[in-house]
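What's in final-v3.txt: compact mmCIF, C-alpha atoms and all ligand atoms
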```txt
# COMPACT_ATOMS: atom_id res chain seq x y z
CA MET A 105 18.59 8.06 20.09
CA GLN A 106 18.54 11.66 21.24
CA ILE A 107 16.56 14.58 19.85
CA LEU A 108 18.56 17.79 19.59
CA ARG A 109 16.50 20.97 19.29
CA THR A 110 18.95 23.79 19.86
CA ILE A 111 22.01 24.70 17.85
CA HIS A 112 24.16 25.14 20.95
CA GLU A 113 23.33 21.68 22.30
CA THR A 114 23.84 20.14 18.84
CA GLN A 115 27.25 21.70 18.30
CA GLN A 116 28.45 20.88 21.82
CA THR A 117 27.24 17.27 21.63
CA LEU A 118 28.69 16.60 18.20
CA LEU A 119 31.98 18.33 18.98
CA GLN A 120 32.44 15.87 21.83
CA HIS A 121 32.14 12.99 19.37
CA LYS A 122 34.62 14.64 17.02
CA ARG A 123 37.12 15.16 19.85
CA ARG A 124 36.90 11.44 20.54
CA GLY A 125 37.87 10.87 16.91
CA GLN A 126 34.46 9.60 15.86
CA THR A 127 33.23 10.33 12.35
CA ILE A 128 29.81 11.86 11.73
CA GLY A 129 27.54 11.01 8.80
CA PHE A 130 24.78 13.53 8.20
CA VAL A 131 21.49 13.17 6.30
CA PRO A 132 19.48 16.38 5.86
CA THR A 133 15.73 15.82 5.35
CA MET A 134 12.38 17.54 5.58
CA GLY A 135 10.91 14.51 7.34
CA TYR A 136 7.93 12.34 6.37
CA LEU A 137 10.54 9.70 5.75
CA HIS A 138 10.38 6.91 3.19
CA SER A 139 12.78 4.24 1.95
CA GLY A 140 14.64 6.83 -0.16
CA HIS A 141 15.66 8.69 3.00
CA ILE A 142 16.37 5.42 4.80
CA SER A 143 18.77 4.33 2.04
CA LEU A 144 20.83 7.46 2.78
CA VAL A 145 20.75 6.71 6.51
CA ARG A 146 21.98 3.15 5.87
CA GLU A 147 24.83 4.36 3.69
CA ALA A 148 25.77 6.87 6.40
CA LYS A 149 25.65 4.16 9.03
CA LYS A 150 27.96 1.93 7.02
CA GLU A 151 30.63 4.58 6.65
CA ASN A 152 30.55 6.55 9.94
CA ASP A 153 30.71 6.06 13.69
CA ILE A 154 27.55 8.05 14.32
CA VAL A 155 24.66 9.20 12.15
CA VAL A 156 22.77 12.48 12.51
CA VAL A 157 19.54 13.09 10.62
CA SER A 158 18.00 16.54 10.50
CA ILE A 159 14.26 17.02 10.13
CA PHE A 160 13.43 20.57 9.19
CA VAL A 161 10.80 21.79 6.73
CA ASN A 162 12.76 24.80 5.61
CA PRO A 163 10.40 27.73 4.98
CA THR A 164 12.87 29.73 2.90
CA GLN A 165 13.01 27.19 0.08
CA PHE A 166 9.26 27.42 -0.55
CA ALA A 167 7.82 30.32 -2.56
CA PRO A 168 4.70 31.97 -1.05
CA HIS A 169 2.38 30.07 -3.44
CA GLU A 170 4.02 26.68 -2.78
CA ASP A 171 3.10 23.85 -0.39
CA LEU A 172 4.92 24.83 2.87
CA SER A 173 1.83 24.73 5.10
CA LYS A 174 0.53 21.44 3.73
CA TYR A 175 3.91 19.70 3.39
CA PRO A 176 3.36 16.30 5.11
CA ARG A 177 4.74 15.90 8.62
CA ASP A 178 4.75 12.95 11.05
CA PHE A 179 7.49 13.28 13.62
CA GLU A 180 6.42 10.27 15.70
CA ARG A 181 6.65 7.96 12.71
CA ASP A 182 9.97 9.45 11.56
CA HIS A 183 11.31 9.03 15.10
CA SER A 184 10.47 5.31 15.19
CA LEU A 185 11.92 4.69 11.74
CA LEU A 186 15.20 6.40 12.64
CA GLU A 187 15.41 4.68 16.00
CA ALA A 188 15.08 1.32 14.26
CA GLU A 189 17.98 2.27 11.97
CA GLY A 190 20.31 2.97 14.88
CA VAL A 191 20.56 6.71 14.26
CA ALA A 192 22.33 8.49 17.14
CA TYR A 193 20.71 11.94 16.88
CA ILE A 194 17.80 13.70 15.24
CA PHE A 195 18.43 17.40 14.82
CA TYR A 196 14.89 18.81 15.02
CA PRO A 197 15.07 22.58 15.38
CA SER A 198 12.30 25.16 15.15
CA ALA A 199 12.28 27.80 12.42
CA GLU A 200 13.01 30.43 15.11
CA GLU A 201 16.09 28.52 16.22
CA ILE A 202 17.47 28.41 12.68
CA TYR A 203 16.45 31.92 11.62
CA PRO A 204 16.41 34.11 14.73
CA GLN A 205 15.01 37.60 14.28
CA GLY A 206 17.46 39.77 12.45
CA SER A 207 19.28 37.02 10.56
CA GLN A 208 20.06 38.29 7.08
CA THR A 209 22.67 36.08 5.44
CA GLU A 210 22.04 34.10 2.30
CA VAL A 211 24.34 31.66 0.51
CA THR A 212 23.89 31.37 -3.26
CA VAL A 213 25.45 29.29 -6.03
CA LYS A 214 25.48 31.03 -9.41
CA GLU A 215 25.65 28.90 -12.55
CA LYS A 216 24.25 25.52 -11.54
CA THR A 217 21.07 27.12 -10.18
CA ARG A 218 20.28 28.98 -13.40
CA HIS A 219 18.24 26.37 -15.28
CA PHE A 220 15.52 23.80 -14.61
CA GLU A 221 14.42 24.02 -10.94
CA GLY A 222 16.12 27.41 -10.68
CA GLU A 223 14.06 28.73 -13.57
CA PHE A 224 10.71 27.45 -12.32
CA ARG A 225 11.40 28.05 -8.62
CA PRO A 226 13.57 31.18 -8.68
CA THR A 227 14.00 31.54 -4.90
CA HIS A 228 14.28 27.83 -4.12
CA PHE A 229 18.01 27.16 -4.33
CA ALA A 230 19.05 30.17 -2.24
CA GLY A 231 16.84 28.69 0.47
CA VAL A 232 18.41 25.25 0.05
CA THR A 233 22.04 26.41 -0.01
CA THR A 234 21.53 28.69 2.97
CA ILE A 235 19.82 26.05 5.12
CA VAL A 236 22.34 23.36 4.26
CA THR A 237 25.21 25.70 5.15
CA ILE A 238 23.54 26.33 8.51
CA LEU A 239 22.87 22.61 9.05
CA LEU A 240 26.50 21.78 8.27
CA GLN A 241 27.64 24.36 10.83
CA CYS A 242 25.35 22.74 13.39
CA THR A 243 26.14 19.08 12.76
CA LEU A 244 29.83 19.26 11.72
CA PRO A 245 29.73 16.10 9.60
CA ASP A 246 32.56 14.29 7.88
CA ILE A 247 30.21 13.13 5.12
CA MET A 248 26.83 14.48 4.03
CA TYR A 249 24.50 12.09 2.18
CA LEU A 250 22.18 13.36 -0.56
CA GLY A 251 19.81 11.63 -2.98
CA GLN A 252 20.22 11.48 -6.74
CA LYS A 253 16.42 11.99 -6.85
CA ASP A 254 17.12 15.73 -6.52
CA ALA A 255 19.92 15.77 -9.09
CA GLN A 256 20.26 19.52 -9.47
CA GLN A 257 20.13 20.04 -5.71
CA ALA A 258 22.92 17.48 -5.27
CA ALA A 259 25.01 19.20 -7.98
CA VAL A 260 24.44 22.65 -6.44
CA LEU A 261 25.27 21.51 -2.90
CA THR A 262 28.37 19.62 -4.02
CA GLN A 263 29.54 22.80 -5.76
CA MET A 264 28.78 24.87 -2.67
CA VAL A 265 30.66 22.58 -0.27
CA SER A 266 33.64 22.71 -2.62
CA ASP A 267 33.55 26.49 -3.21
CA LEU A 268 33.18 27.31 0.48
CA HIS A 269 35.93 24.79 1.42
CA ILE A 270 33.62 23.17 3.94
CA PRO A 271 35.55 20.26 5.46
CA CYS A 272 32.94 17.66 4.54
CA ARG A 273 32.57 15.14 1.73
CA VAL A 274 29.35 14.78 -0.21
CA THR A 275 28.04 11.36 -1.21
CA VAL A 276 25.16 11.14 -3.66
CA CYS A 277 23.09 7.94 -3.32
CA PRO A 278 20.91 6.34 -6.04
CA THR A 279 17.21 7.13 -6.40
CA ILE A 280 14.92 4.63 -4.69
CA ARG A 281 11.78 3.86 -6.68
CA GLU A 282 8.42 2.19 -6.25
CA GLU A 283 8.05 -1.13 -8.09
CA ASP A 284 6.47 0.58 -11.09
CA GLY A 285 9.30 3.10 -11.36
CA LEU A 286 7.87 6.17 -9.61
CA ALA A 287 10.61 7.80 -7.54
CA LYS A 288 9.80 7.72 -3.83
CA SER A 289 8.94 11.16 -2.55
CA SER A 290 7.22 12.60 0.51
CA ARG A 291 5.07 14.55 -1.93
CA ASN A 292 3.64 11.36 -3.51
CA VAL A 293 1.12 11.43 -0.67
CA TYR A 294 -0.60 14.33 -2.48
CA LEU A 295 -1.55 12.05 -5.40
CA THR A 296 -5.02 10.56 -5.72
CA GLU A 297 -5.20 6.90 -6.70
CA LYS A 298 -5.72 7.87 -10.32
CA GLU A 299 -2.87 10.38 -10.32
CA ARG A 300 -0.63 7.80 -8.64
CA SER A 301 -1.23 5.34 -11.46
CA GLN A 302 -0.73 8.10 -14.07
CA SER A 303 2.53 9.22 -12.46
CA VAL A 304 4.38 6.13 -13.70
CA ILE A 305 4.50 7.95 -17.05
CA ILE A 306 7.38 10.06 -15.70
CA TYR A 307 9.70 7.08 -15.40
CA LYS A 308 8.48 5.75 -18.75
CA ALA A 309 9.27 9.07 -20.43
CA LEU A 310 12.73 9.29 -18.85
CA SER A 311 13.40 5.70 -19.90
CA ALA A 312 12.28 6.47 -23.47
CA VAL A 313 14.73 9.38 -23.62
CA TYR A 314 17.45 7.16 -22.17
CA SER A 315 16.93 4.39 -24.77
CA GLU A 316 16.84 6.83 -27.65
CA LEU A 317 20.04 8.55 -26.46
CA GLU A 318 21.69 5.18 -26.08
CA GLN A 319 20.70 4.08 -29.57
CA ASN A 320 21.04 7.27 -31.61
CA GLY A 321 22.60 9.91 -29.40
CA ASN A 322 20.39 12.69 -30.77
CA VAL A 323 19.22 14.85 -27.86
CA ALA A 324 16.42 16.71 -29.70
CA VAL A 325 14.92 13.50 -31.09
CA ALA A 326 15.20 11.77 -27.71
CA LEU A 327 13.43 14.63 -25.92
CA GLU A 328 10.66 14.67 -28.52
CA LYS A 329 10.09 10.96 -27.84
CA GLY A 330 9.97 11.62 -24.12
CA LYS A 331 7.48 14.46 -24.52
CA LEU A 332 5.27 12.25 -26.68
CA VAL A 333 5.21 9.65 -23.90
CA LEU A 334 4.29 12.30 -21.28
CA SER A 335 1.50 13.65 -23.48
CA GLU A 336 -0.34 10.31 -23.14
CA ILE A 337 -1.63 11.59 -19.80
CA GLU A 338 -4.47 14.06 -19.74
CA GLY A 339 -4.00 16.91 -17.30
CA ILE A 340 -0.20 16.74 -17.39
CA SER A 341 1.90 19.84 -17.93
CA ILE A 342 5.64 19.80 -18.42
CA ASP A 343 7.81 22.40 -16.70
CA TYR A 344 10.84 20.90 -18.40
CA LEU A 345 12.18 17.70 -19.88
CA ALA A 346 15.83 18.13 -20.73
CA VAL A 347 19.29 16.66 -20.85
CA ALA A 348 21.68 18.46 -18.51
CA ASP A 349 25.44 18.15 -18.58
CA ASP A 350 27.27 17.38 -15.37
CA MET A 351 29.83 20.21 -15.63
CA ARG A 352 27.45 23.19 -15.83
CA PHE A 353 24.07 21.66 -15.08
CA ALA A 354 22.83 23.42 -18.21
CA PRO A 355 20.87 22.07 -21.22
CA ALA A 356 23.05 19.90 -23.44
CA GLU A 357 22.23 19.99 -27.14
CA GLN A 358 24.47 17.09 -27.97
CA ILE A 359 26.23 14.42 -26.03
CA GLU A 360 29.90 13.58 -25.98
CA LYS A 361 31.39 10.16 -25.39
CA GLU A 362 32.17 9.16 -21.81
CA MET A 363 30.63 12.33 -20.39
CA LYS A 364 27.97 12.26 -17.68
CA TYR A 365 24.49 13.70 -18.22
CA TYR A 366 21.17 13.84 -16.42
CA ILE A 367 17.86 13.32 -18.15
CA ILE A 368 15.72 15.50 -15.93
CA THR A 369 12.09 16.44 -15.76
CA ALA A 370 9.52 18.30 -13.70
CA VAL A 371 5.85 17.76 -14.52
CA ARG A 372 2.56 18.69 -12.95
CA ILE A 373 -0.23 16.16 -12.82
CA ASN A 374 -3.39 18.14 -12.10
CA GLY A 375 -1.13 20.83 -10.69
CA LYS A 376 0.82 18.44 -8.41
CA ARG A 377 4.48 18.90 -9.17
CA LEU A 378 6.82 15.91 -9.38
CA ILE A 379 10.50 15.80 -10.35
CA ASP A 380 12.71 12.92 -11.43
CA ASN A 381 15.84 12.14 -13.42
CA LEU A 382 18.06 9.40 -14.78
CA VAL A 383 21.83 9.50 -14.97
CA PHE A 384 23.16 8.88 -18.49
CA ILE A 385 26.81 8.15 -19.22
CA ALA A 386 27.43 8.57 -22.96
P1 LIG A 401 13.65 15.71 1.31
O1 LIG A 401 13.18 15.26 2.65
O2 LIG A 401 12.68 15.45 0.22
O3 LIG A 401 14.20 17.11 1.33
O4 LIG A 401 14.89 14.78 0.94
C1 LIG A 401 15.98 14.63 1.80
C2 LIG A 401 17.09 13.87 1.09
O5 LIG A 401 16.59 12.59 0.66
C3 LIG A 401 17.55 14.60 -0.20
O6 LIG A 401 18.96 14.47 -0.33
C4 LIG A 401 16.83 13.84 -1.28
O7 LIG A 401 17.48 13.87 -2.53
C5 LIG A 401 16.83 12.42 -0.71
N1 LIG A 401 15.77 11.63 -1.34
C6 LIG A 401 14.46 11.97 -1.46
N2 LIG A 401 13.79 11.02 -2.16
C7 LIG A 401 14.70 10.08 -2.49
C8 LIG A 401 14.64 8.85 -3.25
N3 LIG A 401 13.52 8.42 -3.79
N4 LIG A 401 15.78 8.14 -3.38
C9 LIG A 401 16.95 8.58 -2.84
N5 LIG A 401 17.08 9.72 -2.15
C10 LIG A 401 15.98 10.47 -1.97
```
Could you render the structure as structure tokens?
Ligand code: AMP
Amino acid sequence: MQILRTIHETQQTLLQHKRRGQTIGFVPTMGYLHSGHISLVREAKKENDIVVVSIFVNPTQFAPHEDLSKYPRDFERDHSLLEAEGVAYIFYPSAEEIYPQGSQTEVTVKEKTRHFEGEFRPTHFAGVTTIVTILLQCTLPDIMYLGQKDAQQAAVLTQMVSDLHIPCRVTVCPTIREEDGLAKSSRNVYLTEKERSQSVIIYKALSAVYSELEQNGNVAVALEKGKLVLSEIEGISIDYLAVADDMRFAPAEQIEKEMKYYIITAVRINGKRLIDNLVFIA
């Protein structure tokens, strides 16, 4: 496994593979890897000749008050995990390499960034869409692998790849969870033992909304049930709990047969922000 730190070296190396007719699977990450990330790597490995994983904690997707400086990092551990998975390359650039002085281009997606994460983190998605465009230019993949865990991000990036006619497919892989239902996340390391045990309420609330939608199909009633479940935990605050439709990634007030929806939430447990979702096919 080779570590690529510069864009020039990365493009030259990966172009050589492409010229040989090899396919490239790409998994963008911010590192501090867990089994959620590894599931994407395994899917990429199954479907491509070589796998490239990027590790880059992208400063532009964090607002000034967010957790950029304390975001967990452990390159040595990530390196061993990826080596064991048979990954060919880690793209591990510095912030200066990605955003040299004077760079001024931003990529934005309009509608699908309007609600939910876009409302509570207004500068977040422009950071995400811009970095992923840059990463795609560097790694030239045939398929990019994203996690359902970040449902809105996956929807926004799929839209972007399509709108910009980037010659790459996007595959969205299922959310990997702890045994009790908590979605795996690098940020779970912020939770104290007590908060970790409280955090299972997120999955319970999403599941309550899911069951209610399945049985009665009434979105407002289902969301009320979900909110009631969340309110069992002291110190929890809800940024949103909503049903989003797949077409617009906007709040759905009712559900239509055979359409795809996401039951999505972002909550803060003692100020620590966690997001999760379930896919619901009506
Ligand atoms: P991150 O390092 O958190 O930016 O995540 C990198 C990629 O891994 C994104 O496409 C995430 O959606 C995906 N991912 C993160 N957590 C999980 C999980 N629990 N299950 C599946 N994919 C995940």
For the interface of chain A with ligand LIG 401 (chain A) (cut-off 10 Å, counting all atoms listed in the file), please tabulate each contacting residue of chain A alongside its nearest pair of atoms and their separation in Å to one decimal, rows sorted by chain and increasing number, as a Markdown table.
```
| residue | atom | partner | partner_atom | distance |
| --- | --- | --- | --- | --- |
| A:Val131 | CA | A:LIG401 | C2 | 6.9 |
| A:Pro132 | CA | A:LIG401 | C1 | 5.6 |
| A:Thr133 | CA | A:LIG401 | C1 | 3.8 |
| A:Met134 | CA | A:LIG401 | O1 | 3.8 |
| A:Gly135 | CA | A:LIG401 | O1 | 5.3 |
| A:Tyr136 | CA | A:LIG401 | O1 | 7.1 |
| A:Leu137 | CA | A:LIG401 | O1 | 6.9 |
| A:His138 | CA | A:LIG401 | N2 | 7.6 |
| A:Ser139 | CA | A:LIG401 | N3 | 7.1 |
| A:Gly140 | CA | A:LIG401 | N4 | 3.7 |
| A:His141 | CA | A:LIG401 | O5 | 4.6 |
| A:Ile142 | CA | A:LIG401 | N5 | 8.2 |
| A:Ser143 | CA | A:LIG401 | C9 | 6.7 |
| A:Leu144 | CA | A:LIG401 | N5 | 6.6 |
| A:Val145 | CA | A:LIG401 | O5 | 9.3 |
| A:Val157 | CA | A:LIG401 | C1 | 9.6 |
| A:Ser158 | CA | A:LIG401 | C1 | 9.1 |
| A:Ile159 | CA | A:LIG401 | O1 | 7.8 |
| A:Phe160 | CA | A:LIG401 | O1 | 8.4 |
| A:Val161 | CA | A:LIG401 | O3 | 7.9 |
| A:Asn162 | CA | A:LIG401 | O3 | 8.9 |
| A:Val232 | CA | A:LIG401 | O3 | 9.3 |
| A:Met248 | CA | A:LIG401 | O6 | 9.0 |
| A:Tyr249 | CA | A:LIG401 | O6 | 6.5 |
| A:Leu250 | CA | A:LIG401 | O6 | 3.4 |
| A:Gly251 | CA | A:LIG401 | O7 | 3.3 |
| A:Gln252 | CA | A:LIG401 | O7 | 5.6 |
| A:Lys253 | CA | A:LIG401 | O7 | 4.8 |
| A:Asp254 | CA | A:LIG401 | O7 | 4.4 |
| A:Ala255 | CA | A:LIG401 | O7 | 7.3 |
| A:Gln256 | CA | A:LIG401 | O7 | 9.4 |
| A:Gln257 | CA | A:LIG401 | O7 | 7.4 |
| A:Ala258 | CA | A:LIG401 | O6 | 7.0 |
| A:Leu261 | CA | A:LIG401 | O6 | 9.8 |
| A:Thr275 | CA | A:LIG401 | O6 | 9.6 |
| A:Val276 | CA | A:LIG401 | O6 | 7.8 |
| A:Cys277 | CA | A:LIG401 | C9 | 6.2 |
| A:Pro278 | CA | A:LIG401 | C9 | 5.6 |
| A:Thr279 | CA | A:LIG401 | N4 | 3.5 |
| A:Ile280 | CA | A:LIG401 | N4 | 3.8 |
| A:Arg281 | CA | A:LIG401 | N3 | 5.7 |
| A:Glu282 | CA | A:LIG401 | N3 | 8.4 |
| A:Leu286 | CA | A:LIG401 | N3 | 8.4 |
| A:Ala287 | CA | A:LIG401 | N3 | 4.8 |
| A:Lys288 | CA | A:LIG401 | N3 | 3.8 |
| A:Ser289 | CA | A:LIG401 | N2 | 4.9 |
| A:Ser290 | CA | A:LIG401 | O2 | 6.2 |
| A:Arg291 | CA | A:LIG401 | O2 | 8.0 |
| A:Asp380 | CA | A:LIG401 | N3 | 8.9 |
```
Atom CA of A:Ser207 to atom CA of A:Arg225, distance in Å rounded to a single decimal =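 Answer for the atom CA of A:Ser207 to atom CA of A:Arg225 separation: 22.6 Å.
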Of the residues A:Thr262, A:Ser311, A:Thr233, A:Thr243, which is the one nearest to A:Gly129, using only C-alpha atoms?
->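 Answer, going by the shortest atom-to-atom distance: A:Thr243.
Relative to atom CA of A:His112, atom CA of A:Tyr203 is found at 13.9 Å.
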A:Glu338: which residues within 9 Å, counting all atoms listed in the file, same-chain residues fewer than 2 positions away excluded, as a PyMOL selection string?
-> chain A and resi 335-336+340-341+373-374
Keeping C-alpha atoms for every residue in the selection just given, could you write it to a file as a JSON list (two decimals), in the frame of the given file?
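Printed below is selection_35.json as written:
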```json
[["chain", "number", "residue", "atom", "x", "y", "z"],
["A", 335, "SER", "CA", 1.50, 13.65, -23.48],
["A", 336, "GLU", "CA", -0.34, 10.31, -23.14],
["A", 340, "ILE", "CA", -0.20, 16.74, -17.39],
["A", 341, "SER", "CA", 1.90, 19.84, -17.93],
["A", 373, "ILE", "CA", -0.23, 16.16, -12.82],
["A", 374, "ASN", "CA", -3.39, 18.14, -12.10]]
```
Mind running stretch 187-230 of chain A against stretch 347-370 of chain A at 12 Å and telling me each contacting residue's nearest atom pair with the distance in Å (one decimal), counting only C-alpha atoms, chain and number ascending, as a Markdown table?
```
| residue | atom | partner | partner_atom | distance |
| --- | --- | --- | --- | --- |
| A:Val213 | CA | A:Arg352 | CA | 11.7 |
| A:Lys214 | CA | A:Arg352 | CA | 10.3 |
| A:Glu215 | CA | A:Arg352 | CA | 6.8 |
| A:Lys216 | CA | A:Phe353 | CA | 5.2 |
| A:Thr217 | CA | A:Phe353 | CA | 7.9 |
| A:Arg218 | CA | A:Ala354 | CA | 7.8 |
| A:His219 | CA | A:Ala354 | CA | 6.2 |
| A:Phe220 | CA | A:Ala354 | CA | 8.2 |
| A:Glu221 | CA | A:Ala370 | CA | 8.0 |
| A:Gly222 | CA | A:Phe353 | CA | 10.8 |
| A:Glu223 | CA | A:Ala354 | CA | 11.3 |
| A:Phe224 | CA | A:Ala370 | CA | 9.3 |
| A:Arg225 | CA | A:Ala370 | CA | 11.2 |
```
Cut-off 9 Å around (17.8, 27.1, 20.6) with all atoms listed in the file: residues as a PyMOL selection string | chain A and resi 109-113+197-198+200-202
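Atom CA of A:Arg372 sits 18.0 Å away from atom CA of A:Glu328.
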Compare A:Asp178, A:Glu318, A:Glu189, A:Asp171 by their minimum atom-to-atom distance to A:Lys150, counting only C-alpha atoms, and give me the closest one.
-> A:Glu189
Can you pull out every residue within 7 Å of A:Leu327, counting all atoms listed in the file, but drop anything in the same chain fewer than 6 positions away, and send it as a count of residues only?
-> 3
Which one of A:Gln319, A:Tyr294, A:Arg146, A:Ile306 sits closest to A:Lys174 if you count all atoms listed in the file?
-> A:Tyr294
For A:Ile107, which of A:Glu299, A:Glu170, A:Glu187, A:Asp153 is the closest residue, counting all atoms listed in the file?
->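 Smallest distance to A:Ile107 is found for A:Glu187.
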A:Asn381, A:Ser301, A:Thr227, A:Asn320: which is nearest A:Phe166, counting all atoms listed in the file?
->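 Closest to A:Phe166, using all atoms listed in the file: A:Thr227.
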